[in-house]
$ cat coords_10.cif   # mmCIF, C-alpha atoms and all ligand atoms
data_my_file
#
loop_
_atom_site.label_atom_id
_atom_site.label_comp_id
_atom_site.auth_asym_id
_atom_site.auth_seq_id
_atom_site.Cartn_x
_atom_site.Cartn_y
_atom_site.Cartn_z
CA MET A 1 3.41 -41.90 10.95
CA LYS A 2 5.05 -41.45 7.59
CA GLU A 3 5.23 -37.73 8.03
CA GLU A 4 6.91 -38.15 11.39
CA LYS A 5 9.51 -40.42 9.90
CA GLY A 6 10.29 -37.90 7.16
CA LEU A 7 10.73 -35.11 9.63
CA LYS A 8 12.88 -37.22 11.88
CA GLU A 9 15.21 -37.99 9.03
CA GLU A 10 15.51 -34.36 8.16
CA LYS A 11 16.39 -33.67 11.75
CA ASP A 12 19.04 -36.37 11.68
CA MET A 13 20.57 -34.85 8.60
CA LYS A 14 20.72 -31.36 9.98
CA GLY A 15 21.11 -32.10 13.65
CA ASP A 16 19.00 -30.44 16.34
CA LYS A 17 20.83 -27.14 16.06
CA GLY A 18 20.12 -26.86 12.32
CA MET A 19 16.41 -27.39 12.78
CA GLU A 20 16.23 -24.78 15.49
CA GLU A 21 18.11 -22.30 13.37
CA GLU A 22 15.71 -22.89 10.52
CA LYS A 23 12.72 -22.33 12.75
CA LYS A 24 14.16 -19.12 14.13
CA GLN A 25 14.88 -17.38 10.88
CA GLU A 26 12.46 -17.58 7.97
CA ARG A 27 13.96 -19.89 5.35
CA LYS A 28 14.67 -18.15 2.06
CA LYS A 29 12.27 -19.64 -0.48
CA VAL A 30 13.62 -21.51 -3.49
CA ILE A 31 12.65 -20.77 -7.10
CA LEU A 32 13.52 -22.95 -10.06
CA SER A 33 12.86 -22.68 -13.77
CA GLY A 34 14.26 -23.89 -17.06
CA ILE A 35 14.18 -22.82 -20.68
CA GLN A 36 14.86 -24.82 -23.83
CA PRO A 37 17.72 -23.76 -26.10
CA THR A 38 15.65 -23.80 -29.25
CA GLY A 39 16.45 -20.32 -30.51
CA ILE A 40 17.11 -16.77 -29.40
CA PHE A 41 14.56 -15.80 -26.76
CA THR A 42 11.76 -13.52 -27.84
CA LEU A 43 10.47 -10.34 -26.29
CA GLY A 44 7.66 -12.61 -25.04
CA ASN A 45 10.11 -14.88 -23.18
CA TYR A 46 11.80 -11.80 -21.78
CA ILE A 47 8.71 -9.97 -20.57
CA GLY A 48 6.83 -13.08 -19.50
CA ALA A 49 9.67 -14.89 -17.77
CA ILE A 50 13.35 -14.01 -17.85
CA ARG A 51 12.98 -10.38 -16.81
CA ASN A 52 11.33 -11.63 -13.61
CA TRP A 53 13.96 -14.32 -13.10
CA GLY A 54 16.51 -11.58 -12.67
CA THR A 55 14.51 -9.51 -10.21
CA MET A 56 13.72 -12.53 -8.04
CA GLN A 57 17.38 -13.14 -7.23
CA GLU A 58 17.37 -10.83 -4.24
CA GLU A 59 14.36 -12.31 -2.54
CA TYR A 60 14.84 -16.01 -3.26
CA HIS A 61 17.40 -18.71 -3.80
CA CYS A 62 17.08 -19.14 -7.56
CA ALA A 63 18.08 -21.96 -9.88
CA TYR A 64 17.83 -21.52 -13.64
CA PHE A 65 18.95 -23.91 -16.31
CA VAL A 66 19.12 -24.55 -20.02
CA ALA A 67 16.90 -27.57 -20.69
CA ASP A 68 18.93 -29.14 -23.48
CA LEU A 69 17.79 -32.71 -22.73
CA HIS A 70 14.22 -31.66 -23.31
CA SER A 71 15.14 -30.32 -26.74
CA LEU A 72 16.20 -33.81 -27.82
CA THR A 73 12.55 -34.85 -27.88
CA VAL A 74 12.39 -33.29 -31.33
CA ARG A 75 15.13 -33.88 -33.88
CA GLN A 76 17.94 -31.30 -33.64
CA GLU A 77 20.92 -30.53 -35.79
CA PRO A 78 23.81 -31.41 -33.39
CA ALA A 79 26.06 -28.42 -34.12
CA ALA A 80 23.09 -26.05 -33.92
CA LEU A 81 21.90 -27.47 -30.62
CA ARG A 82 25.39 -27.09 -29.14
CA ARG A 83 25.61 -23.49 -30.30
CA GLN A 84 22.11 -22.68 -29.10
CA SER A 85 22.79 -24.17 -25.67
CA LEU A 86 25.81 -21.94 -25.21
CA GLU A 87 23.84 -18.97 -26.51
CA ALA A 88 20.95 -19.69 -24.18
CA PHE A 89 23.34 -19.81 -21.24
CA ALA A 90 24.93 -16.52 -22.33
CA LEU A 91 21.49 -14.97 -22.81
CA LEU A 92 20.49 -15.81 -19.24
CA LEU A 93 23.57 -14.00 -17.98
CA ALA A 94 23.05 -11.14 -20.44
CA CYS A 95 19.52 -10.68 -19.10
CA GLY A 96 20.85 -10.08 -15.62
CA ILE A 97 20.96 -13.50 -14.02
CA ASP A 98 24.04 -13.29 -11.86
CA PRO A 99 25.92 -16.56 -11.37
CA GLU A 100 27.20 -15.24 -8.04
CA LYS A 101 23.63 -14.96 -6.76
CA SER A 102 21.81 -17.71 -8.61
CA LEU A 103 22.52 -21.25 -9.61
CA VAL A 104 22.79 -21.26 -13.43
CA PHE A 105 23.65 -24.40 -15.34
CA ILE A 106 23.03 -26.65 -18.30
CA GLN A 107 20.73 -29.59 -17.62
CA SER A 108 22.77 -32.30 -19.37
CA HIS A 109 25.86 -31.37 -17.32
CA VAL A 110 24.17 -32.62 -14.17
CA HIS A 111 23.72 -36.40 -14.23
CA SER A 112 21.10 -36.54 -11.51
CA HIS A 113 18.42 -35.12 -13.86
CA ALA A 114 18.46 -38.08 -16.24
CA GLU A 115 18.84 -40.49 -13.36
CA LEU A 116 15.93 -39.23 -11.27
CA SER A 117 13.91 -38.95 -14.45
CA TRP A 118 14.20 -42.73 -14.92
CA ILE A 119 13.10 -43.41 -11.37
CA LEU A 120 10.17 -40.99 -11.64
CA SER A 121 9.11 -42.46 -14.95
CA CYS A 122 8.42 -45.63 -12.97
CA TYR A 123 5.99 -43.58 -10.88
CA SER A 124 4.37 -41.85 -13.88
CA PRO A 125 1.04 -43.37 -14.85
CA PHE A 126 0.75 -44.11 -18.55
CA GLY A 127 -2.75 -42.65 -18.59
CA ALA A 128 -1.63 -39.31 -17.15
CA LEU A 129 1.25 -39.05 -19.63
CA SER A 130 -1.16 -39.78 -22.49
CA ARG A 131 -3.40 -36.91 -21.43
CA MET A 132 -0.68 -34.24 -21.65
CA THR A 133 -1.78 -31.73 -24.25
CA GLN A 134 1.81 -30.93 -25.21
CA PHE A 135 2.41 -34.60 -25.99
CA LYS A 136 -0.73 -34.73 -28.10
CA ASP A 137 0.18 -31.50 -29.93
CA LYS A 138 3.80 -32.41 -30.52
CA SER A 139 3.08 -35.94 -31.67
CA ALA A 140 0.59 -34.52 -34.16
CA ARG A 141 3.13 -31.95 -35.37
CA HIS A 142 6.02 -34.43 -35.55
CA ALA A 143 4.07 -37.49 -36.66
CA ASP A 144 7.23 -39.00 -38.13
CA ASN A 145 9.01 -38.94 -34.75
CA VAL A 146 6.68 -39.81 -31.89
CA ASN A 147 9.37 -41.07 -29.53
CA ALA A 148 9.39 -42.27 -25.93
CA GLY A 149 11.19 -39.11 -24.78
CA LEU A 150 8.34 -36.97 -26.04
CA PHE A 151 6.03 -39.15 -24.00
CA THR A 152 8.07 -39.17 -20.77
CA TYR A 153 9.05 -35.49 -21.08
CA PRO A 154 6.97 -34.63 -17.96
CA ALA A 155 8.92 -37.17 -15.85
CA LEU A 156 12.18 -35.43 -16.80
CA MET A 157 10.64 -32.07 -15.99
CA ALA A 158 9.45 -33.43 -12.63
CA ALA A 159 13.01 -34.60 -11.94
CA ASP A 160 14.43 -31.17 -12.88
CA ILE A 161 12.12 -29.59 -10.39
CA LEU A 162 12.11 -32.03 -7.49
CA LEU A 163 15.89 -32.45 -7.29
CA TYR A 164 16.17 -28.88 -5.99
CA GLN A 165 13.17 -28.96 -3.64
CA PRO A 166 11.84 -25.59 -4.85
CA ASP A 167 8.91 -23.77 -3.30
CA TYR A 168 7.92 -22.05 -6.54
CA VAL A 169 8.25 -22.77 -10.22
CA PRO A 170 7.55 -19.90 -12.63
CA VAL A 171 6.10 -21.45 -15.77
CA GLY A 172 4.01 -20.22 -18.64
CA GLU A 173 0.49 -21.39 -19.37
CA ASP A 174 1.81 -24.10 -21.71
CA GLN A 175 3.79 -25.77 -18.91
CA ARG A 176 1.10 -25.64 -16.23
CA GLN A 177 -0.10 -29.14 -16.93
CA HIS A 178 3.43 -30.49 -16.51
CA LEU A 179 3.73 -28.77 -13.16
CA GLU A 180 0.41 -30.29 -12.11
CA PHE A 181 1.78 -33.64 -13.20
CA THR A 182 4.85 -33.03 -10.99
CA ARG A 183 2.61 -32.20 -8.05
CA ASP A 184 0.70 -35.46 -8.59
CA ILE A 185 3.99 -37.37 -8.53
CA VAL A 186 4.94 -35.68 -5.25
CA GLU A 187 1.66 -36.67 -3.70
CA HIS A 188 1.96 -40.23 -4.96
CA PHE A 189 5.63 -40.63 -4.01
CA ASN A 190 5.44 -38.94 -0.61
CA GLY A 191 2.33 -40.99 0.08
CA ILE A 192 4.36 -44.15 -0.26
CA TYR A 193 7.74 -43.13 1.13
CA GLY A 194 7.14 -40.23 3.51
CA ASN A 195 8.25 -36.65 3.16
CA VAL A 196 10.79 -36.91 0.35
CA PHE A 197 9.87 -34.06 -1.97
CA ARG A 198 8.70 -30.55 -1.20
CA MET A 199 5.42 -29.78 -2.97
CA PRO A 200 6.21 -27.13 -5.64
CA GLU A 201 3.78 -24.38 -6.50
CA ALA A 202 3.33 -22.40 -9.68
CA TYR A 203 4.75 -18.93 -9.35
CA ILE A 204 2.55 -16.18 -10.69
CA PRO A 205 4.65 -13.04 -11.18
CA LYS A 206 3.28 -9.79 -9.77
CA THR A 207 3.68 -8.06 -13.10
CA GLY A 208 3.21 -10.95 -15.45
CA ALA A 209 2.24 -10.28 -19.02
CA ARG A 210 1.51 -12.42 -22.01
CA VAL A 211 3.01 -10.97 -25.14
CA MET A 212 1.11 -11.67 -28.33
CA SER A 213 2.19 -11.99 -31.96
CA LEU A 214 2.67 -8.61 -33.68
CA GLN A 215 0.98 -10.01 -36.79
CA ASP A 216 -1.90 -11.90 -35.17
CA PRO A 217 -2.48 -10.51 -31.69
CA THR A 218 -4.85 -13.32 -30.78
CA LYS A 219 -1.89 -15.75 -30.85
CA LYS A 220 1.01 -15.92 -28.39
CA MET A 221 4.33 -14.48 -29.64
CA SER A 222 6.46 -17.45 -30.70
CA LYS A 223 10.00 -17.79 -32.00
CA SER A 224 8.85 -20.59 -34.28
CA ASP A 225 6.38 -18.33 -36.12
CA THR A 226 6.97 -18.56 -39.87
CA ASN A 227 6.50 -14.80 -40.20
CA PRO A 228 9.56 -13.04 -38.71
CA ASN A 229 7.54 -9.83 -38.35
CA ALA A 230 5.35 -11.60 -35.79
CA PHE A 231 8.04 -11.71 -33.11
CA ILE A 232 10.92 -9.69 -31.71
CA THR A 233 13.98 -11.55 -30.49
CA ILE A 234 15.93 -9.98 -27.68
CA LEU A 235 18.94 -9.67 -30.01
CA ASP A 236 17.14 -7.85 -32.84
CA GLU A 237 18.87 -4.66 -33.97
CA PRO A 238 17.11 -1.41 -33.02
CA ASN A 239 16.06 -0.59 -36.59
CA VAL A 240 14.61 -4.08 -37.00
CA ILE A 241 12.65 -3.70 -33.77
CA VAL A 242 11.32 -0.30 -34.79
CA ASN A 243 10.27 -1.65 -38.19
CA LYS A 244 8.52 -4.68 -36.77
CA PHE A 245 6.51 -2.46 -34.43
CA ARG A 246 5.69 -0.10 -37.28
CA ARG A 247 4.18 -3.06 -39.15
CA ALA A 248 2.34 -4.42 -36.11
CA VAL A 249 -1.28 -5.31 -36.84
CA THR A 250 -3.77 -3.10 -34.99
CA ASP A 251 -7.38 -2.12 -35.82
CA SER A 252 -9.19 0.47 -37.89
CA GLU A 253 -9.72 2.93 -35.03
CA THR A 254 -7.30 5.66 -34.05
CA GLU A 255 -7.44 5.97 -30.30
CA VAL A 256 -4.75 4.43 -28.09
CA CYS A 257 -6.77 2.82 -25.30
CA PHE A 258 -6.98 -0.56 -23.64
CA ARG A 259 -10.31 -2.09 -24.53
CA GLU A 260 -11.77 -5.50 -25.24
CA GLY A 261 -11.50 -6.37 -28.93
CA LYS A 262 -8.51 -4.07 -29.54
CA ASP A 263 -6.08 -7.01 -29.30
CA GLY A 264 -3.27 -5.37 -31.27
CA ILE A 265 -3.31 -2.12 -29.31
CA ASN A 266 -3.80 -3.97 -26.02
CA ASN A 267 -0.68 -5.99 -26.78
CA LEU A 268 1.37 -2.89 -27.63
CA MET A 269 0.12 -1.13 -24.51
CA THR A 270 1.05 -4.14 -22.40
CA ILE A 271 4.55 -4.25 -23.83
CA TYR A 272 5.00 -0.49 -23.47
CA SER A 273 3.69 -0.52 -19.92
CA VAL A 274 6.02 -3.31 -18.79
CA ILE A 275 9.03 -1.73 -20.49
CA THR A 276 8.46 1.83 -19.26
CA GLY A 277 6.65 1.14 -15.99
CA LEU A 278 3.85 3.53 -17.05
CA SER A 279 0.25 2.64 -16.22
CA PHE A 280 -2.34 2.12 -18.97
CA GLU A 281 -4.04 5.27 -17.75
CA GLN A 282 -0.90 7.31 -18.15
CA ILE A 283 -0.22 5.84 -21.59
CA GLU A 284 -3.75 6.67 -22.74
CA LYS A 285 -3.29 10.22 -21.50
CA ASP A 286 0.13 10.65 -23.12
CA PHE A 287 -1.11 9.45 -26.50
CA ALA A 288 -4.53 11.09 -26.52
CA GLY A 289 -5.17 12.45 -30.01
CA ARG A 290 -1.82 11.27 -31.38
CA GLY A 291 -2.83 8.17 -33.35
CA TYR A 292 -1.31 4.74 -33.79
CA GLY A 293 1.68 5.72 -35.92
CA ASP A 294 3.21 7.80 -33.15
CA PHE A 295 2.44 5.19 -30.56
CA LYS A 296 4.00 2.33 -32.52
CA ALA A 297 7.14 4.37 -33.08
CA GLU A 298 7.45 5.09 -29.35
CA VAL A 299 6.89 1.47 -28.40
CA GLY A 300 9.55 0.41 -30.91
CA ASP A 301 12.03 2.95 -29.53
CA ALA A 302 11.34 2.00 -25.93
CA VAL A 303 11.80 -1.72 -26.62
CA ALA A 304 14.95 -1.14 -28.68
CA GLU A 305 16.45 0.93 -25.84
CA LYS A 306 15.52 -1.64 -23.22
CA LEU A 307 17.08 -4.50 -25.17
CA ARG A 308 20.23 -2.62 -26.17
CA PRO A 309 22.27 -3.43 -23.05
CA ILE A 310 21.19 -7.09 -23.24
CA ARG A 311 22.36 -7.32 -26.84
CA GLU A 312 25.64 -5.67 -25.91
CA ASN A 313 26.17 -7.93 -22.88
CA PHE A 314 25.45 -10.95 -25.01
CA ALA A 315 27.95 -9.93 -27.69
CA ARG A 316 30.58 -9.36 -25.03
CA LEU A 317 29.91 -12.71 -23.34
CA MET A 318 30.06 -14.61 -26.63
CA GLN A 319 33.54 -13.13 -27.20
CA ASP A 320 34.68 -14.75 -23.98
CA LYS A 321 34.01 -18.46 -24.29
CA ALA A 322 36.46 -19.23 -21.49
CA TYR A 323 34.39 -17.20 -19.06
CA LEU A 324 31.17 -18.90 -20.16
CA GLU A 325 32.77 -22.32 -19.78
CA GLN A 326 34.03 -21.46 -16.35
CA GLN A 327 30.58 -20.29 -15.30
CA TYR A 328 28.65 -23.26 -16.61
CA ARG A 329 31.14 -25.67 -15.06
CA LYS A 330 30.86 -23.94 -11.73
CA GLY A 331 27.08 -24.02 -12.04
CA ALA A 332 27.07 -27.73 -12.86
CA GLU A 333 29.29 -28.50 -9.89
CA LYS A 334 27.04 -26.65 -7.46
CA ALA A 335 23.91 -28.14 -9.03
CA ALA A 336 25.37 -31.64 -8.75
CA ALA A 337 26.08 -31.18 -5.05
CA ILE A 338 22.53 -30.03 -4.31
CA SER A 339 20.70 -32.45 -6.57
CA GLU A 340 22.69 -35.51 -5.52
CA ARG A 341 21.45 -35.12 -1.97
CA THR A 342 17.85 -35.50 -3.13
CA LEU A 343 18.78 -38.28 -5.53
CA ALA A 344 20.53 -40.29 -2.79
CA LYS A 345 17.50 -39.95 -0.55
CA VAL A 346 15.21 -41.15 -3.33
CA LYS A 347 17.43 -44.11 -4.20
CA LYS A 348 17.45 -45.20 -0.59
CA LYS A 349 13.69 -44.86 -0.29
CA VAL A 350 12.86 -46.87 -3.39
CA GLY A 351 15.20 -49.67 -2.36
CA LEU A 352 18.31 -49.30 -4.48
CA LEU A 353 21.40 -50.70 -2.82
CA MET A 354 23.74 -47.84 -2.05
CA PRO A 355 27.13 -48.19 -3.74
N1 LIG B 1 9.58 -27.72 -20.40
C1 LIG B 1 9.89 -26.33 -20.20
C2 LIG B 1 9.58 -25.54 -21.47
O1 LIG B 1 9.67 -26.08 -22.55
C3 LIG B 1 11.33 -26.14 -19.84
C4 LIG B 1 11.62 -26.85 -18.57
C5 LIG B 1 12.27 -28.03 -18.45
C6 LIG B 1 11.25 -26.43 -17.26
N2 LIG B 1 12.36 -28.38 -17.15
C7 LIG B 1 11.74 -27.43 -16.39
C8 LIG B 1 10.57 -25.33 -16.75
C9 LIG B 1 11.53 -27.35 -15.03
C10 LIG B 1 10.36 -25.26 -15.38
C11 LIG B 1 10.84 -26.26 -14.52
O2 LIG B 1 9.28 -24.38 -21.37
#

$ encode --input "coords_10.cif" --output "structure tokens" --more "lines below"
Ligand code: TRP
Amino acid sequence: MKEEKGLKEEKDMKGDKGMEEEKKQERKKVILSGIQPTGIFTLGNYIGAIRNWGTMQEEYHCAYFVADLHSLTVRQEPAALRRQSLEAFALLLACGIDPEKSLVFIQSHVHSHAELSWILSCYSPFGALSRMTQFKDKSARHADNVNAGLFTYPALMAADILLYQPDYVPVGEDQRQHLEFTRDIVEHFNGIYGNVFRMPEAYIPKTGARVMSLQDPTKKMSKSDTNPNAFITILDEPNVIVNKFRRAVTDSETEVCFREGKDGINNLMTIYSVITGLSFEQIEKDFAGRGYGDFKAEVGDAVAEKLRPIRENFARLMQDKAYLEQQYRKGAEKAAAISERTLAKVKKKVGLLMP
């Protein structure tokens, strides 16, 4: 019954013709993801996420945004947050996200996110929010600032996602639980009100790779690592990149091969393979008998070369603030138009009087 009602409404909105059209041609799937503006992205962010965001633009309708509201859950220096938000936006463009093809915007510029977040927080069970490992971790790490935003963070993330009715959401391991939480909300909400939200799925990239710390290859590469040699940012100068790879922690053997227990070498091989497109087999062959020193130097060079155009694009974009402003305003306008449709539907369903 409920399902029927949902479908009927959709039909009313689009008209019979629209529905038929949609049936005839395969609908282009929608992808959405966000990233917090808490520092220059690392090689890990690039290889694990943003590189794929660019390549998905042809196949999907993509929406990418700078999640500045989420960053407020931990105390930020206002001027730094503003600068980092602009930089994060510029970095997305510098990495190849094309605002002509994709929707790119800054979360706080689009009012519907905060608004739907409130509504969804009223459908977020306290118990489920308390079980979020990120909440538990962050409240332990910031014991002096365990605030309500940190607790309801997943409701805001659910709003970010559901406003755009995406099919897929590329997220790292650390955000999986929040996506599951979003899916639970969809089930709960649609169960009460009919077919309001599309059920989002995690997107597993075909060539996904987890990049580990260069200093402790059992840990994920993180921009908040206290040891700057542990991570590469995508704006590091070539000589810095080469030096960090030269210092990368490996093992006491000499042979470049991918094997269990060789975490350092496995990490370097993964990075090199993603950057060059060479298979592990080919890499092993190319470096047979050459030792780690040679290999590390080549990995450093390859990464430095790959990141060079991104660094140059970024520098150019940051020289042109007017262009960046124009792009994020355009993005916000488009995002508002799309998201407000979902928001209006939700408001009607839950019983808010339409203005
Ligand atoms: N919470 C995510 C992170 O810290 C960022 C984010 C916010 C996000 N909203 C999102 C990611 C919606 C995917 C979809 O990495």

$ closest_residue --input "coords_10.cif" --among "A:Glu173, A:Asp301, A:Glu26, A:Asp184" --to "A:Arg246" --atoms "all atoms listed in the file"
A:Asp301

$ residues_around --input "coords_10.cif" --residues "stretch 315-331 of chain A" --least-positions-apart "5" --cutoff "6 Å" --atoms "only C-alpha atoms" --output "MDAnalysis selection string"
chainID A and resid 103:105

$ residues_around --input "coords_10.cif" --residues "A:Ser108" --least-positions-apart "3" --cutoff "9 Å" --atoms "all atoms listed in the file" --output "PyMOL selection string"
chain A and resi 66-69+105+111+113-114

$ atom_distance --input "coords_10.cif" --atom1 "atom CA of A:Val242" --atom2 "atom CA of A:Lys219"
20.7 Å

$ closest_residue --input "coords_10.cif" --among "A:Val350, A:Leu81, A:Val186, A:Leu72" --to "ligand LIG 1 (chain B)" --atoms "only C-alpha atoms and all ligand atoms"
A:Leu72

$ residues_around --input "coords_10.cif" --residues "stretch 338-344 of chain A" --least-positions-apart "2" --cutoff "12 Å" --atoms "only C-alpha atoms" --output "number ranges by chain"
A: 10, 13, 63, 103, 107, 109-120, 159-166, 195-198, 331-336, 346-355

$ residues_near_ligand --input "coords_10.cif" --ligand "ligand LIG 1 (chain B)" --cutoff "7 Å" --atoms "all atoms listed in the file" --output "PyMOL selection string"
chain A and resi 32-36+67+70+157-158+160-161+169-171+175

$ residues_around --input "coords_10.cif" --residues "A:Asn145" --least-positions-apart "3" --cutoff "12 Å" --atoms "all atoms listed in the file" --output "PDB file with C-alpha atoms, keeping the file's coordinate frame"
ATOM      1  CA  LEU A  72      16.200 -33.810 -27.820  1.00  0.00           C
ATOM      2  CA  THR A  73      12.550 -34.850 -27.880  1.00  0.00           C
ATOM      3  CA  VAL A  74      12.390 -33.290 -31.330  1.00  0.00           C
ATOM      4  CA  ARG A  75      15.130 -33.880 -33.880  1.00  0.00           C
ATOM      5  CA  GLN A  76      17.940 -31.300 -33.640  1.00  0.00           C
ATOM      6  CA  PHE A 135       2.410 -34.600 -25.990  1.00  0.00           C
ATOM      7  CA  LYS A 138       3.800 -32.410 -30.520  1.00  0.00           C
ATOM      8  CA  SER A 139       3.080 -35.940 -31.670  1.00  0.00           C
ATOM      9  CA  ALA A 140       0.590 -34.520 -34.160  1.00  0.00           C
ATOM     10  CA  ARG A 141       3.130 -31.950 -35.370  1.00  0.00           C
ATOM     11  CA  HIS A 142       6.020 -34.430 -35.550  1.00  0.00           C
ATOM     12  CA  ALA A 148       9.390 -42.270 -25.930  1.00  0.00           C
ATOM     13  CA  GLY A 149      11.190 -39.110 -24.780  1.00  0.00           C
ATOM     14  CA  LEU A 150       8.340 -36.970 -26.040  1.00  0.00           C
ATOM     15  CA  PHE A 151       6.030 -39.150 -24.000  1.00  0.00           C
TER      16      PHE A 151
END

$ closest_residue --input "coords_10.cif" --among "A:Tyr123, A:Phe245, A:Thr233, A:Asn266" --to "A:Met221" --atoms "only C-alpha atoms"
A:Thr233

$ atom_distance --input "coords_10.cif" --atom1 "atom CA of A:Glu284" --atom2 "atom CA of A:Cys257"
5.5 Å

$ axis_aligned_box --input "coords_10.cif" --around "stretch 120-123 of chain A" --padding-each-side "3 Å" --output "lines of an AutoDock Vina configuration file"
center_x = 8.1
center_y = -43.3
center_z = -12.9
size_x = 10.2
size_y = 10.6
size_z = 10.1

$ atom_distance --input "coords_10.cif" --atom1 "atom CA of A:Ala79" --atom2 "atom CA of A:Lys220"
28.6 Å

$ closest_residue --input "coords_10.cif" --among "A:Ile97, A:Leu43, A:Leu235, A:Ala155" --to "A:Pro125" --atoms "all atoms listed in the file"
A:Ala155

$ residues_around --input "coords_10.cif" --residues "stretch 45-61 of chain A" --least-positions-apart "5" --cutoff "9 Å" --atoms "all atoms listed in the file" --output "ChimeraX atom specification"
/A:28-33,92,95-98,101-103,166,170-172,205,207-211,221-222,233-234,271,274-275

$ closest_residue --input "coords_10.cif" --among "A:Met212, A:Ala304, A:Ala337, A:Met132" --to "A:Asp225" --atoms "all atoms listed in the file"
A:Met212

$ closest_residue --input "coords_10.cif" --among "A:Lys306, A:Leu179, A:Gln134, A:Phe314" --to "A:Phe89" --atoms "all atoms listed in the file"
A:Phe314

$ decode --input "coords_10.cif" --residues "stretch 30-42 of chain A" --atoms "N, CA, C and O atoms" --output "PDB file, in the first residue's frame"
ATOM      1  N   VAL A  30      23.357   7.964  -9.471  1.00  0.00           N
ATOM      2  CA  VAL A  30      23.840   9.137  -8.740  1.00  0.00           C
ATOM      3  C   VAL A  30      24.836   8.727  -7.657  1.00  0.00           C
ATOM      4  O   VAL A  30      24.602   7.763  -6.918  1.00  0.00           O
ATOM      5  N   ILE A  31      25.942   9.470  -7.607  1.00  0.00           N
ATOM      6  CA  ILE A  31      26.997   9.222  -6.608  1.00  0.00           C
ATOM      7  C   ILE A  31      27.132  10.478  -5.758  1.00  0.00           C
ATOM      8  O   ILE A  31      27.087  11.589  -6.298  1.00  0.00           O
ATOM      9  N   LEU A  32      27.307  10.303  -4.472  1.00  0.00           N
ATOM     10  CA  LEU A  32      27.532  11.477  -3.624  1.00  0.00           C
ATOM     11  C   LEU A  32      28.588  11.172  -2.577  1.00  0.00           C
ATOM     12  O   LEU A  32      28.616  10.074  -2.016  1.00  0.00           O
ATOM     13  N   SER A  33      29.480  12.135  -2.349  1.00  0.00           N
ATOM     14  CA  SER A  33      30.405  11.987  -1.235  1.00  0.00           C
ATOM     15  C   SER A  33      30.860  13.351  -0.725  1.00  0.00           C
ATOM     16  O   SER A  33      30.745  14.356  -1.417  1.00  0.00           O
ATOM     17  N   GLY A  34      31.339  13.361   0.500  1.00  0.00           N
ATOM     18  CA  GLY A  34      31.816  14.602   1.100  1.00  0.00           C
ATOM     19  C   GLY A  34      33.161  14.397   1.769  1.00  0.00           C
ATOM     20  O   GLY A  34      33.544  13.261   2.070  1.00  0.00           O
ATOM     21  N   ILE A  35      33.859  15.505   1.970  1.00  0.00           N
ATOM     22  CA  ILE A  35      35.152  15.427   2.667  1.00  0.00           C
ATOM     23  C   ILE A  35      35.284  16.637   3.580  1.00  0.00           C
ATOM     24  O   ILE A  35      34.858  17.740   3.228  1.00  0.00           O
ATOM     25  N   GLN A  36      35.828  16.413   4.766  1.00  0.00           N
ATOM     26  CA  GLN A  36      35.955  17.516   5.717  1.00  0.00           C
ATOM     27  C   GLN A  36      37.165  18.389   5.394  1.00  0.00           C
ATOM     28  O   GLN A  36      38.204  17.878   4.977  1.00  0.00           O
ATOM     29  N   PRO A  37      37.031  19.699   5.623  1.00  0.00           N
ATOM     30  CA  PRO A  37      38.121  20.621   5.305  1.00  0.00           C
ATOM     31  C   PRO A  37      39.098  20.771   6.461  1.00  0.00           C
ATOM     32  O   PRO A  37      39.335  21.877   6.932  1.00  0.00           O
ATOM     33  N   THR A  38      39.635  19.649   6.911  1.00  0.00           N
ATOM     34  CA  THR A  38      40.480  19.729   8.106  1.00  0.00           C
ATOM     35  C   THR A  38      41.963  19.637   7.779  1.00  0.00           C
ATOM     36  O   THR A  38      42.755  19.207   8.605  1.00  0.00           O
ATOM     37  N   GLY A  39      42.333  20.047   6.580  1.00  0.00           N
ATOM     38  CA  GLY A  39      43.754  20.039   6.226  1.00  0.00           C
ATOM     39  C   GLY A  39      43.920  19.609   4.789  1.00  0.00           C
ATOM     40  O   GLY A  39      42.968  19.106   4.182  1.00  0.00           O
ATOM     41  N   ILE A  40      45.111  19.846   4.267  1.00  0.00           N
ATOM     42  CA  ILE A  40      45.395  19.453   2.886  1.00  0.00           C
ATOM     43  C   ILE A  40      45.251  17.938   2.772  1.00  0.00           C
ATOM     44  O   ILE A  40      45.756  17.206   3.617  1.00  0.00           O
ATOM     45  N   PHE A  41      44.581  17.485   1.734  1.00  0.00           N
ATOM     46  CA  PHE A  41      44.358  16.048   1.573  1.00  0.00           C
ATOM     47  C   PHE A  41      45.689  15.310   1.427  1.00  0.00           C
ATOM     48  O   PHE A  41      46.649  15.830   0.882  1.00  0.00           O
ATOM     49  N   THR A  42      45.694  14.080   1.895  1.00  0.00           N
ATOM     50  CA  THR A  42      46.910  13.277   1.798  1.00  0.00           C
ATOM     51  C   THR A  42      46.890  12.419   0.532  1.00  0.00           C
ATOM     52  O   THR A  42      45.852  12.288  -0.135  1.00  0.00           O
TER      53      THR A  42
END
